[in-house]
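> Handing you a structure now.
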Amino acid sequence: MRIFNYRLVIFTLSLLFGVIFSIPSFMQTDSGKKISLGLDLQGGLHMLLGVQTEEAVVSKIKSTAAAVKYHCDDESILIEDLIIERDSFSFILLDEDEVTNLDEMLSTVRGLDILKTEELVYTIKLGQPEIELTKDMAVSQAVETIRNRLDQFGLAEPTVIRQGKEDIVVQLPGIKTAQEEQRARELIAKPANLEMMTIDEKMADQVYTLSPEKIKELGDVVLPHQSDSEKKYLLKAIPVLTGSQIIDARVAFDQGNQPIINFKLNAIGAKIFGDFTGKNVGARLAVVLDGKVYSAPVIRERIGGGSGQISGGFTIDEAGNVAIALRSGALPAPVDMLEKRSVGPSLGADSIKSSMIALISGFILVFIFMIIYYGYAGIIANIALMANIFIIIAVMAMFGATLTLPGMAGIVLTVGMAVDANVIISERIRELLKQGVSISRSIEDGYKNAMRAILDANITTLLVAVILYAYGTGPIKGFAITISIGILASMLTAILGTHGVYEALLPKIQKSKNLRKWFGIK
Amino acid sequence: MEIFKSEKTYNFMGKRIPFLGLSLFLVLASIGLIFTKGLNLGVDFSGGTIVQVQYENAAPISKIRDELSKTTKYSKVNVTKFGSDQEVILKIPTSTNSISVDIGDEIRGILKPTGNFEIRRVDMVGPKVGGELKEKGLMALSLALLVILVYVSFRFEWRFAIASILALIHDITIALGVIALFQVDVNLDILAAILTILGYSLNDTIIVFDRIREGVQTSKENDLDLVVNESVSKTLSRTTLTSLTTFFVVFTLFIFGGEIIHGFSFTLLIGVIVGTYSSIFVAATILVQLKFSISNYRQNEAEKLKQKQEKDRMRAMYEQGTV
């Protein structure tokens, strides 16, 4: 008569939901939302990278100095002694009449702290808010750049997300071999800072004898050749052009069939490049990539059209990496490895296999034990347990959650707790039955008596799970999520669900009166 | 089937001194172990690198040590067998912060003469991350204990809260003692196991406390010892049953779960045993030792009930418009 009670209806609906939405995860179908396996289970590479944000500030100083220099050259304002430090740059304005012009230009650049003396010595720093902003931008830009590079590398489902203030989490589940991993790491690490720099022709022959102080005073830097680190070049510190103006870069081959990289500049870059080469025919222009000089050809004529090439002993893989890195932009600051976990696919498969065998045999033991101990009540509890597992899997699949080893542990704990709820209820019912209370009363009161204990126990565990989620990292978070879902699901299955089943079966139980069969007592 | 006769009341409180003594001994011994042998912090918390290598044939451990000792960088590496004869674990105290230079690759090069092998896992944790993980882990653990304290005080009474926290500390300390004794590597998975024990043992304790609360509220008995005895006895078959089922799952995890989760399942195994013991013999005992007073509790409850009735009466009057 009470087959269609509301508890049973809700339970059946949620069981259906659980089964339907967990099918894609169990069958590993292509369509439908499914649980993704964590890197510890499917193999892959997990990295935590730290962006050296201080360096982004340094390069911002450098590019601001370059902008000032370009403006002054363009407007024929004479400046002298341009010196770049890590956190500031300074120069002397020679032309007193141009103070307003220069100040106007500087005022268009955001966030500068400008110190100007009577003698028109300018010392320029970044203001604190601008430093913070630059650092913040550096991290988000690094995330963007790394994501672009990995997308173009062609790995399945790379994840690149920011974590906290200056860290980046990179996850590459698709990595299968050590070679692939190495290439991916090199691709990420490549700063890909391309600079076109002029050689200080006046002093170039003294490159090996100049003191560091003198070099700085000249506004120069010394950089090595890419393959022969003994060979040095004396370059003007401020580059003519940087990689930020590149719109495309491709691998090609030269006459000797060596890989080279052809790149193309945007309109502004093309204009600067054209103007510069036009004015400096006969001088040398160095192509500098990540602080190493690749070539320093003599400019024979004005180069229009805005394309150029980098050559110099690349392997094909290297050239490919450089091209991808140039296309997807430079890293705004160097990136450090803070944490790396790589799991080979075979190990992941082994872990899944052994933990699955363990979990399933554990469950079977529990199932058998419950039936022996409680009779039909044990079967009902087992149904609730199965439903619970299905619902956990389904909800995790819907949220696109990842299943890791600690996550599996979370499932063990919840299954334990879900069994527990039914054990508590069954014990209460037995107690009442033994006192001679009627079957229907025993069931109703058994649930009522057990409810408070179950709720208190579940709520405290849920609170702990929330804290773990808030303060935990990676695997602990996964553990907290599974527990939370499991506890909520167990309230539905173990408390509401089994109650509904008893209600529906009540007429039958009352008719049979066989307490041994139904509840495992005499 | 039944394990314990639910009608029988066992005299737990009568034997509470020996049990408290045993617990105190175990806790002190554990603290002693933690301080003398020390916890073996793994790479997750101390920083460093772990390389897991699987050979086609039995791993030539002495040859591996020879090759490593030829290098300057890796001469202090600890090589141990891992699970099967084919697999070894290399524990390297250092880490590298360069993305393109990799310890795994370097080890691959060094071990080349030792035979055919595959590097199955490289875990590298830098010092900054290790410190952070340690800090966050401890923070999570202490905050969890604090929240439990508040919730249990609110739902039960402050002595219940203190007793449950002490029981939890008892369980965690003993688990850590065993971990120190067997020199299990303490990594994030062990932290997860400790937290699982925390959840599990708390669950057990609350079920027992709920029965005591019920006993205090419903029975006429004024002697706390008797109420506690009766409550613990009544929950005894439930406690045992749940522990057994959980034990089954954890035990199969320990036997079949594979080498990687060995530490984890081992810790859980200890936790289930200690957690069960403490919820039967320790938590309620502490409650009695704290001199929880039944009459005061009843008085407070009666007071609360009276206030609630008064409020309801006022509300009823208000709704009828008589105020």
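As shown in the structure tokens, the chain order sets the letters A, B, ...; within each chain, residues go from 1, and ligands are also counted from 1 in the order they appear.
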Would you kindly return, as JSON, numbers by chain, each protein, DNA or RNA residue with an atom no farther than 10 Å from any atom of B:Leu28, considering only C-alpha atoms and excluding same-chain residues fewer than 3 positions away?
{"B": [22, 23, 24, 25, 31, 32, 33, 34, 170, 173, 174, 177]}
> Tell me as JSON, numbers by chain which residues belonging to chain A come within 7 Å of chain B, counting only C-alpha atoms.
{"A": [185, 186, 189, 336, 337, 338, 339, 340, 341, 342, 343, 344, 347, 351, 354, 355, 357, 358, 359, 361, 362, 363, 365, 366, 372, 373, 374, 406, 416, 420, 423, 424, 427, 453, 457, 460, 461, 464, 467, 468, 471, 472, 476, 520, 521]}
> Could you write those residues out with N, CA and C atoms, as a compact mmCIF listing (two decimals), in the first residue's frame?

# COMPACT_ATOMS: atom_id res chain seq x y z
N ARG A 185 59.12 20.61 -21.46
CA ARG A 185 59.73 21.44 -20.43
C ARG A 185 60.59 22.54 -21.05
N GLU A 186 61.35 22.15 -22.09
CA GLU A 186 62.20 23.15 -22.73
C GLU A 186 61.37 24.25 -23.38
N ALA A 189 60.26 26.55 -20.73
CA ALA A 189 61.33 27.32 -20.09
C ALA A 189 61.90 28.40 -21.00
N ASP A 336 60.71 29.63 -12.70
CA ASP A 336 61.41 28.58 -11.97
C ASP A 336 60.52 27.38 -11.75
N MET A 337 61.15 26.23 -11.62
CA MET A 337 60.41 25.02 -11.26
C MET A 337 60.36 24.93 -9.74
N LEU A 338 59.17 24.92 -9.16
CA LEU A 338 59.06 24.81 -7.71
C LEU A 338 58.73 23.38 -7.29
N GLU A 339 58.01 22.69 -8.15
CA GLU A 339 57.57 21.34 -7.80
C GLU A 339 57.29 20.62 -9.10
N LYS A 340 57.71 19.37 -9.17
CA LYS A 340 57.45 18.61 -10.39
C LYS A 340 57.09 17.19 -10.01
N ARG A 341 56.02 16.71 -10.58
CA ARG A 341 55.68 15.31 -10.36
C ARG A 341 55.37 14.68 -11.69
N SER A 342 56.17 13.71 -12.07
CA SER A 342 55.85 13.05 -13.32
C SER A 342 55.65 11.57 -13.05
N VAL A 343 54.57 11.06 -13.60
CA VAL A 343 54.21 9.67 -13.39
C VAL A 343 54.12 9.01 -14.76
N GLY A 344 54.84 7.93 -14.94
CA GLY A 344 54.80 7.21 -16.21
C GLY A 344 53.45 6.55 -16.38
N LEU A 347 52.93 3.18 -14.64
CA LEU A 347 52.76 3.23 -13.18
C LEU A 347 51.34 3.63 -12.83
N SER A 351 48.64 1.59 -10.65
CA SER A 351 47.98 2.13 -9.46
C SER A 351 46.47 1.96 -9.55
N SER A 354 45.64 -1.88 -9.09
CA SER A 354 45.73 -2.43 -7.74
C SER A 354 44.74 -1.78 -6.79
N SER A 355 44.53 -0.45 -6.91
CA SER A 355 43.60 0.14 -5.95
C SER A 355 42.17 -0.28 -6.27
N ILE A 357 41.26 -3.26 -7.55
CA ILE A 357 41.13 -4.62 -7.02
C ILE A 357 40.89 -4.56 -5.52
N ALA A 358 41.69 -3.73 -4.85
CA ALA A 358 41.57 -3.62 -3.41
C ALA A 358 40.20 -3.11 -3.00
N LEU A 359 39.75 -2.03 -3.65
CA LEU A 359 38.47 -1.44 -3.27
C LEU A 359 37.34 -2.42 -3.51
N SER A 361 37.38 -5.73 -3.83
CA SER A 361 37.34 -6.89 -2.94
C SER A 361 36.93 -6.46 -1.54
N GLY A 362 37.34 -5.26 -1.14
CA GLY A 362 36.91 -4.74 0.16
C GLY A 362 35.41 -4.60 0.23
N PHE A 363 34.83 -4.02 -0.82
CA PHE A 363 33.38 -3.83 -0.85
C PHE A 363 32.66 -5.17 -0.79
N LEU A 365 33.60 -7.94 0.49
CA LEU A 365 33.67 -8.43 1.87
C LEU A 365 32.62 -7.76 2.74
N VAL A 366 32.53 -6.43 2.61
CA VAL A 366 31.56 -5.69 3.41
C VAL A 366 30.14 -6.16 3.08
N ILE A 372 25.24 -11.46 6.02
CA ILE A 372 25.29 -12.50 7.05
C ILE A 372 24.81 -11.94 8.38
N TYR A 373 25.22 -10.73 8.69
CA TYR A 373 24.92 -10.17 10.01
C TYR A 373 23.47 -9.71 10.13
N TYR A 374 22.96 -9.06 9.08
CA TYR A 374 21.64 -8.44 9.21
C TYR A 374 20.55 -9.09 8.39
N PRO A 406 44.25 9.96 -3.27
CA PRO A 406 43.59 10.42 -2.05
C PRO A 406 42.07 10.51 -2.22
N GLY A 416 32.58 3.75 4.27
CA GLY A 416 32.59 3.34 5.66
C GLY A 416 31.50 4.05 6.45
N ASP A 420 28.02 2.75 8.11
CA ASP A 420 27.84 3.05 9.51
C ASP A 420 26.43 3.56 9.79
N VAL A 423 24.21 0.74 9.84
CA VAL A 423 24.44 -0.10 11.02
C VAL A 423 23.75 0.52 12.23
N ILE A 424 23.94 1.83 12.39
CA ILE A 424 23.32 2.50 13.55
C ILE A 424 21.81 2.32 13.51
N GLU A 427 20.79 -1.30 14.23
CA GLU A 427 20.95 -1.63 15.64
C GLU A 427 19.80 -1.07 16.46
N ALA A 453 22.32 11.09 16.06
CA ALA A 453 23.73 10.67 16.08
C ALA A 453 24.33 10.78 14.69
N ALA A 457 27.36 13.30 13.62
CA ALA A 457 28.62 12.73 13.12
C ALA A 457 28.92 13.25 11.72
N THR A 460 29.92 17.12 11.68
CA THR A 460 31.31 17.40 12.10
C THR A 460 32.29 16.99 10.99
N THR A 461 32.05 15.84 10.38
CA THR A 461 32.97 15.42 9.32
C THR A 461 32.92 16.39 8.15
N VAL A 464 34.95 19.40 8.90
CA VAL A 464 36.38 19.12 8.72
C VAL A 464 36.72 19.13 7.23
N ILE A 467 37.13 22.64 5.88
CA ILE A 467 38.41 23.24 6.26
C ILE A 467 39.55 22.67 5.42
N LEU A 468 39.50 21.37 5.21
CA LEU A 468 40.55 20.74 4.39
C LEU A 468 40.52 21.33 2.99
N TYR A 471 42.07 24.92 3.18
CA TYR A 471 43.48 25.04 3.49
C TYR A 471 44.35 24.00 2.79
N GLY A 472 43.71 22.99 2.25
CA GLY A 472 44.50 21.93 1.64
C GLY A 472 45.05 22.33 0.30
N ILE A 476 44.87 16.92 -1.23
CA ILE A 476 44.03 17.02 -0.04
C ILE A 476 42.67 17.62 -0.43
N GLY A 520 17.98 -10.32 11.15
CA GLY A 520 19.10 -11.10 11.66
C GLY A 520 19.06 -11.34 13.15
N ILE A 521 17.84 -11.24 13.78
CA ILE A 521 17.77 -11.57 15.21
C ILE A 521 16.72 -12.63 15.44
> To test your reading of the structure, identify every residue in stretch 25-271 of chain B that backbone DSSP assigns to alpha helix (DSSP H), and report it as a PyMOL selection string.
chain B and resi 25-36+43-46+61-70+103-111+127-155+158-181+188-218+224-256+262-271
> Could you turn the residues from that selection into a file that holds C-alpha atoms, as a compact mmCIF listing (two decimals), in the first residue's frame?

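Result went into out_32.txt, see below:
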# COMPACT_ATOMS: atom_id res chain seq x y z
CA PHE B 25 51.58 4.71 28.28
CA LEU B 26 50.93 4.40 24.53
CA VAL B 27 50.75 8.18 24.08
CA LEU B 28 53.93 8.78 26.06
CA ALA B 29 55.73 5.98 24.22
CA SER B 30 54.59 7.49 20.91
CA ILE B 31 55.79 10.95 21.87
CA GLY B 32 59.07 9.36 22.90
CA LEU B 33 59.35 7.62 19.53
CA ILE B 34 58.49 10.78 17.63
CA PHE B 35 61.24 12.67 19.43
CA THR B 36 63.91 9.95 19.49
CA VAL B 43 59.99 14.99 -0.15
CA ASP B 44 56.55 16.59 0.04
CA PHE B 45 57.44 18.32 3.28
CA SER B 46 61.22 18.41 3.39
CA ILE B 61 71.19 -2.23 -6.32
CA SER B 62 74.91 -2.36 -5.59
CA LYS B 63 75.72 -1.47 -9.19
CA ILE B 64 73.31 1.45 -9.00
CA ARG B 65 75.04 2.66 -5.84
CA ASP B 66 78.43 2.31 -7.55
CA GLU B 67 77.38 4.38 -10.54
CA LEU B 68 75.86 7.04 -8.32
CA SER B 69 78.89 7.26 -6.05
CA LYS B 70 81.06 8.02 -9.07
CA ILE B 103 67.11 15.36 -12.22
CA GLY B 104 65.20 12.50 -13.85
CA ASP B 105 67.09 12.98 -17.10
CA GLU B 106 70.42 13.15 -15.31
CA ILE B 107 69.71 9.96 -13.36
CA ARG B 108 68.72 8.25 -16.60
CA GLY B 109 72.12 9.13 -18.03
CA ILE B 110 74.05 7.99 -14.94
CA LEU B 111 72.23 4.66 -14.64
CA PRO B 127 62.19 23.92 -0.52
CA LYS B 128 59.65 26.73 -0.77
CA VAL B 129 56.79 24.41 -1.66
CA GLY B 130 57.81 21.87 0.99
CA GLY B 131 57.66 24.52 3.69
CA GLU B 132 54.36 25.79 2.41
CA LEU B 133 52.81 22.32 2.36
CA LYS B 134 53.97 21.72 5.92
CA GLU B 135 52.55 25.03 7.08
CA LYS B 136 49.21 24.54 5.34
CA GLY B 137 48.91 20.95 6.54
CA LEU B 138 49.45 21.92 10.18
CA MET B 139 47.08 24.86 9.76
CA ALA B 140 44.36 22.61 8.35
CA LEU B 141 44.83 20.10 11.14
CA SER B 142 44.64 22.65 13.96
CA LEU B 143 41.72 24.49 12.42
CA ALA B 144 39.84 21.23 12.02
CA LEU B 145 40.36 20.45 15.71
CA LEU B 146 39.18 23.93 16.66
CA VAL B 147 35.97 23.66 14.62
CA ILE B 148 35.23 20.27 16.16
CA LEU B 149 35.72 21.80 19.59
CA VAL B 150 33.22 24.56 18.85
CA TYR B 151 30.63 22.34 17.19
CA VAL B 152 30.69 19.64 19.84
CA SER B 153 30.51 22.24 22.62
CA PHE B 154 27.50 23.72 20.91
CA ARG B 155 25.70 20.43 20.28
CA TRP B 158 32.16 21.67 26.64
CA ARG B 159 33.38 18.59 28.50
CA PHE B 160 32.21 16.41 25.63
CA ALA B 161 34.19 18.66 23.27
CA ILE B 162 37.35 18.48 25.36
CA ALA B 163 36.98 14.71 25.69
CA SER B 164 36.52 14.20 21.96
CA ILE B 165 39.50 16.42 21.12
CA LEU B 166 41.68 14.59 23.66
CA ALA B 167 40.57 11.27 22.18
CA LEU B 168 41.50 12.56 18.71
CA ILE B 169 44.89 13.77 19.89
CA HIS B 170 45.35 10.36 21.54
CA ASP B 171 44.62 8.62 18.21
CA ILE B 172 46.77 10.89 16.07
CA THR B 173 49.70 10.74 18.49
CA ILE B 174 49.68 6.97 18.59
CA ALA B 175 49.36 6.76 14.80
CA LEU B 176 52.32 9.13 14.45
CA GLY B 177 54.25 7.06 16.99
CA VAL B 178 53.75 3.93 14.93
CA ILE B 179 54.75 5.86 11.79
CA ALA B 180 57.93 6.94 13.56
CA LEU B 181 58.57 3.40 14.80
CA LEU B 188 50.93 14.29 1.66
CA ASP B 189 49.24 10.88 1.51
CA ILE B 190 50.11 10.24 5.16
CA LEU B 191 48.63 13.62 6.05
CA ALA B 192 45.49 12.57 4.18
CA ALA B 193 45.47 9.32 6.15
CA ILE B 194 45.85 11.18 9.46
CA LEU B 195 42.94 13.40 8.49
CA THR B 196 40.91 10.33 7.58
CA ILE B 197 41.64 8.88 11.00
CA LEU B 198 40.54 12.17 12.50
CA GLY B 199 37.21 12.00 10.66
CA TYR B 200 36.73 8.34 11.39
CA SER B 201 37.56 8.43 15.06
CA LEU B 202 35.48 11.57 15.58
CA ASN B 203 32.54 9.85 13.95
CA ASP B 204 32.90 6.91 16.33
CA THR B 205 33.23 9.11 19.38
CA ILE B 206 30.21 11.20 18.51
CA ILE B 207 28.03 8.13 18.11
CA VAL B 208 29.00 7.02 21.62
CA PHE B 209 28.55 10.52 23.04
CA ASP B 210 25.15 10.79 21.42
CA ARG B 211 24.11 7.68 23.31
CA ILE B 212 25.44 9.09 26.55
CA ARG B 213 23.57 12.33 25.91
CA GLU B 214 20.43 10.33 25.27
CA GLY B 215 21.00 8.27 28.39
CA VAL B 216 21.46 11.40 30.48
CA GLN B 217 18.28 12.89 29.08
CA THR B 218 16.01 9.85 29.26
CA LEU B 224 27.28 8.95 35.47
CA ASP B 225 29.36 5.77 35.56
CA LEU B 226 26.27 3.63 35.12
CA VAL B 227 24.85 5.80 32.34
CA VAL B 228 28.16 5.73 30.50
CA ASN B 229 28.51 1.96 30.95
CA GLU B 230 25.05 1.41 29.58
CA SER B 231 25.57 3.76 26.63
CA VAL B 232 28.94 2.35 25.64
CA SER B 233 27.59 -1.18 25.94
CA LYS B 234 24.61 -0.35 23.77
CA THR B 235 26.78 1.10 21.03
CA LEU B 236 29.34 -1.66 21.37
CA SER B 237 28.01 -3.87 18.62
CA ARG B 238 27.65 -0.89 16.28
CA THR B 239 31.19 0.30 17.00
CA THR B 240 32.63 -3.15 16.44
CA LEU B 241 30.61 -3.77 13.32
CA THR B 242 31.52 -0.51 11.63
CA SER B 243 35.15 -0.95 12.61
CA LEU B 244 35.14 -4.42 11.13
CA THR B 245 33.67 -3.32 7.82
CA THR B 246 36.05 -0.37 7.57
CA PHE B 247 38.88 -2.65 8.59
CA PHE B 248 38.00 -5.02 5.74
CA VAL B 249 38.22 -2.25 3.16
CA VAL B 250 41.42 -0.78 4.55
CA PHE B 251 42.99 -4.18 4.98
CA THR B 252 42.38 -5.18 1.36
CA LEU B 253 43.75 -1.77 0.38
CA PHE B 254 46.84 -2.59 2.42
CA ILE B 255 47.24 -6.08 0.92
CA PHE B 256 46.32 -5.43 -2.73
CA HIS B 262 51.24 1.20 1.27
CA GLY B 263 52.11 3.98 3.70
CA PHE B 264 48.65 5.41 3.38
CA SER B 265 46.79 2.15 4.00
CA PHE B 266 49.18 1.20 6.79
CA THR B 267 48.46 4.47 8.60
CA LEU B 268 44.72 3.96 8.13
CA LEU B 269 44.97 0.44 9.50
CA ILE B 270 46.60 1.73 12.67
CA GLY B 271 44.05 4.52 12.80
> Give me the residues within 7 Å of stretch 79-91 of chain A as a list in words, counting only C-alpha atoms and dropping any in the same chain fewer than 3 places off.
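Listing them by chain and then by number gives Val58, Ile61, Lys62, Ala65, Leu94, Val121, Tyr122, Thr123, Ile124, Lys125, Lys216, Glu217 and Gly219 of chain A.
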> Take the residues that were just selected and, keeping C-alpha atoms, output them as a PDB file, in the first residue's frame.

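In the end it all went to selection-v2.pdb:
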ATOM      1  CA  VAL A  58      63.632  45.074 -14.485  1.00  0.00           C
ATOM      2  CA  ILE A  61      62.510  49.637 -16.691  1.00  0.00           C
ATOM      3  CA  LYS A  62      64.481  48.606 -19.732  1.00  0.00           C
ATOM      4  CA  ALA A  65      64.190  53.519 -21.163  1.00  0.00           C
ATOM      5  CA  LEU A  94      71.309  68.457 -22.657  1.00  0.00           C
ATOM      6  CA  VAL A 121      69.668  64.726 -14.457  1.00  0.00           C
ATOM      7  CA  TYR A 122      66.590  62.535 -14.694  1.00  0.00           C
ATOM      8  CA  THR A 123      66.291  59.450 -12.490  1.00  0.00           C
ATOM      9  CA  ILE A 124      63.221  57.403 -13.277  1.00  0.00           C
ATOM     10  CA  LYS A 125      61.719  54.580 -11.214  1.00  0.00           C
ATOM     11  CA  LYS A 216      77.970  50.444 -17.970  1.00  0.00           C
ATOM     12  CA  GLU A 217      79.113  54.019 -18.314  1.00  0.00           C
ATOM     13  CA  GLY A 219      75.461  52.368 -21.851  1.00  0.00           C
TER      14      GLY A 219
END
> Which residue is closest to A:Ile272? Choose from A:Asp74, A:Gln141, A:Leu405, A:Val207 and count only C-alpha atoms.
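So, comparing all the options, the nearest one is A:Asp74.
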> Can you list, as a PyMOL selection string, every residue of stretch 10-169 of chain B that DSSP puts in strand (DSSP E or B)?
chain B and resi 40-41+48-55+78-82+84-92+117-125
> Taking C-alpha atoms for each residue, export the selection above as an mmCIF file, in the first residue's frame.

data_model
loop_
_atom_site.group_PDB
_atom_site.id
_atom_site.type_symbol
_atom_site.label_atom_id
_atom_site.label_comp_id
_atom_site.auth_asym_id
_atom_site.auth_seq_id
_atom_site.Cartn_x
_atom_site.Cartn_y
_atom_site.Cartn_z
ATOM 1 C CA ASN B 40 60.775 10.542 8.480
ATOM 2 C CA LEU B 41 59.628 13.555 6.476
ATOM 3 C CA GLY B 48 64.030 16.945 -2.520
ATOM 4 C CA THR B 49 63.509 14.449 -5.275
ATOM 5 C CA ILE B 50 62.280 10.883 -5.548
ATOM 6 C CA VAL B 51 62.989 8.808 -8.623
ATOM 7 C CA GLN B 52 61.251 5.474 -9.038
ATOM 8 C CA VAL B 53 63.006 3.137 -11.452
ATOM 9 C CA GLN B 54 61.753 -0.181 -12.753
ATOM 10 C CA TYR B 55 64.243 -2.630 -14.252
ATOM 11 C CA ASN B 78 69.664 6.706 -0.823
ATOM 12 C CA VAL B 79 68.715 3.624 -2.900
ATOM 13 C CA THR B 80 66.063 1.230 -1.606
ATOM 14 C CA LYS B 81 64.017 -1.622 -3.020
ATOM 15 C CA PHE B 82 60.415 -0.686 -3.651
ATOM 16 C CA SER B 84 59.081 -5.908 -6.139
ATOM 17 C CA ASP B 85 62.688 -6.933 -6.889
ATOM 18 C CA GLN B 86 62.614 -4.999 -10.160
ATOM 19 C CA GLU B 87 61.834 -1.646 -8.632
ATOM 20 C CA VAL B 88 63.972 0.769 -6.667
ATOM 21 C CA ILE B 89 63.444 4.192 -5.215
ATOM 22 C CA LEU B 90 66.171 6.811 -5.271
ATOM 23 C CA LYS B 91 65.852 9.441 -2.585
ATOM 24 C CA ILE B 92 67.762 12.550 -3.475
ATOM 25 C CA PHE B 117 65.094 0.257 -17.029
ATOM 26 C CA GLU B 118 62.244 2.704 -17.143
ATOM 27 C CA ILE B 119 61.862 5.750 -14.942
ATOM 28 C CA ARG B 120 58.293 5.504 -13.738
ATOM 29 C CA ARG B 121 58.017 8.433 -11.416
ATOM 30 C CA VAL B 122 59.896 11.593 -10.564
ATOM 31 C CA ASP B 123 58.634 13.691 -7.660
ATOM 32 C CA MET B 124 60.545 16.879 -7.111
ATOM 33 C CA VAL B 125 59.540 19.367 -4.448
#
> Write out as a list in words which residues come within 8 Å of A:Val160 when counting only C-alpha atoms, dropping same-chain ones fewer than 4 positions away.
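Neighbouring residues, sequence-local ones excluded: Val143, Ile146, Arg147, Ile168, Val169, Val170 and Gln171 of chain A.
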> May I have the residues within 12 Å of stretch 24-31 of chain A as a ChimeraX atom specification, using only C-alpha atoms and disregarding those fewer than 5 positions away in the same chain?
/A:18-19,36-37,389-398,400-403
> Those selected residues, please, written with N, CA and C atoms and delivered as a JSON list (two decimals), in the first residue's frame.

[["chain", "number", "residue", "atom", "x", "y", "z"],
["A", 18, "GLY", "N", 22.22, 8.70, -10.47],
["A", 18, "GLY", "CA", 23.57, 8.21, -10.22],
["A", 18, "GLY", "C", 24.02, 7.24, -11.29],
["A", 19, "VAL", "N", 23.15, 6.29, -11.62],
["A", 19, "VAL", "CA", 23.54, 5.27, -12.60],
["A", 19, "VAL", "C", 23.77, 5.91, -13.96],
["A", 36, "SER", "N", 37.62, 12.78, -14.74],
["A", 36, "SER", "CA", 38.94, 12.62, -15.32],
["A", 36, "SER", "C", 39.85, 12.05, -14.25],
["A", 37, "LEU", "N", 40.75, 11.20, -14.67],
["A", 37, "LEU", "CA", 41.67, 10.60, -13.70],
["A", 37, "LEU", "C", 42.78, 11.59, -13.41],
["A", 389, "ILE", "N", 27.71, 4.97, -4.02],
["A", 389, "ILE", "CA", 28.89, 5.01, -4.89],
["A", 389, "ILE", "C", 28.55, 5.60, -6.26],
["A", 390, "PHE", "N", 27.41, 5.16, -6.81],
["A", 390, "PHE", "CA", 26.99, 5.69, -8.11],
["A", 390, "PHE", "C", 26.81, 7.21, -8.05],
["A", 391, "ILE", "N", 26.16, 7.68, -6.98],
["A", 391, "ILE", "CA", 25.88, 9.12, -6.88],
["A", 391, "ILE", "C", 27.19, 9.91, -6.74],
["A", 392, "ILE", "N", 28.13, 9.39, -5.94],
["A", 392, "ILE", "CA", 29.42, 10.09, -5.81],
["A", 392, "ILE", "C", 30.07, 10.24, -7.18],
["A", 393, "ILE", "N", 30.12, 9.12, -7.92],
["A", 393, "ILE", "CA", 30.77, 9.15, -9.24],
["A", 393, "ILE", "C", 30.03, 10.12, -10.15],
["A", 394, "ALA", "N", 28.68, 10.06, -10.13],
["A", 394, "ALA", "CA", 27.89, 10.91, -11.02],
["A", 394, "ALA", "C", 28.12, 12.39, -10.72],
["A", 395, "VAL", "N", 28.07, 12.75, -9.43],
["A", 395, "VAL", "CA", 28.24, 14.17, -9.07],
["A", 395, "VAL", "C", 29.65, 14.64, -9.43],
["A", 396, "MET", "N", 30.63, 13.79, -9.15],
["A", 396, "MET", "CA", 32.00, 14.18, -9.49],
["A", 396, "MET", "C", 32.13, 14.37, -11.00],
["A", 397, "ALA", "N", 31.48, 13.50, -11.75],
["A", 397, "ALA", "CA", 31.54, 13.62, -13.22],
["A", 397, "ALA", "C", 30.89, 14.92, -13.67],
["A", 398, "MET", "N", 29.76, 15.26, -13.04],
["A", 398, "MET", "CA", 29.07, 16.48, -13.45],
["A", 398, "MET", "C", 29.89, 17.73, -13.19],
["A", 400, "GLY", "N", 33.01, 17.73, -13.26],
["A", 400, "GLY", "CA", 34.28, 17.58, -13.94],
["A", 400, "GLY", "C", 35.43, 17.40, -12.97],
["A", 401, "ALA", "N", 35.15, 16.80, -11.81],
["A", 401, "ALA", "CA", 36.19, 16.63, -10.79],
["A", 401, "ALA", "C", 37.21, 15.57, -11.23],
["A", 402, "THR", "N", 38.36, 15.60, -10.59],
["A", 402, "THR", "CA", 39.42, 14.66, -10.93],
["A", 402, "THR", "C", 39.53, 13.63, -9.83],
["A", 403, "LEU", "N", 39.67, 12.38, -10.21],
["A", 403, "LEU", "CA", 39.83, 11.32, -9.22],
["A", 403, "LEU", "C", 41.31, 11.01, -9.05]]
> Between atom CA of A:Gly111 and atom CA of A:Glu55, what is the spacing in Å?
17.5 Å
> As a list in words, please: the residues near A:Phe314 (cut-off 8 Å, only C-alpha atoms, same-chain neighbours under 3 positions excluded).
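Here the qualifying residues turn out to be Gln258, Pro259, Ile260, Ser311, Asp317, Glu318 and Ala319 of chain A.
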> One number please: atom CA of A:Ile352 to atom CA of B:Val186, in Å, one decimal.
22.0 Å
> Atom CA of A:Glu96 to atom CA of A:Thr117: how many Å, to one decimal?
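Straight-line distance from atom CA of A:Glu96 to atom CA of A:Thr117 works out to 12.3 Å.
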> So that I can check the surroundings of A:Val51, please list as a list in words every protein, DNA and RNA residue that reaches within 10 Å of it, counting only C-alpha atoms and ignoring chain neighbours fewer than 2 positions away.
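So, after excluding close chain neighbours, the residues are Leu49, Thr53, Glu54, Glu55, Ala56, Lys135, Ala138, Val139, Ser140, Ala142, Val143, Lys165, Glu166, Asp167, Ile168, Leu331, Pro332, Ala333, Pro334, Val335, Asp336, Met337 and Leu338 of chain A.
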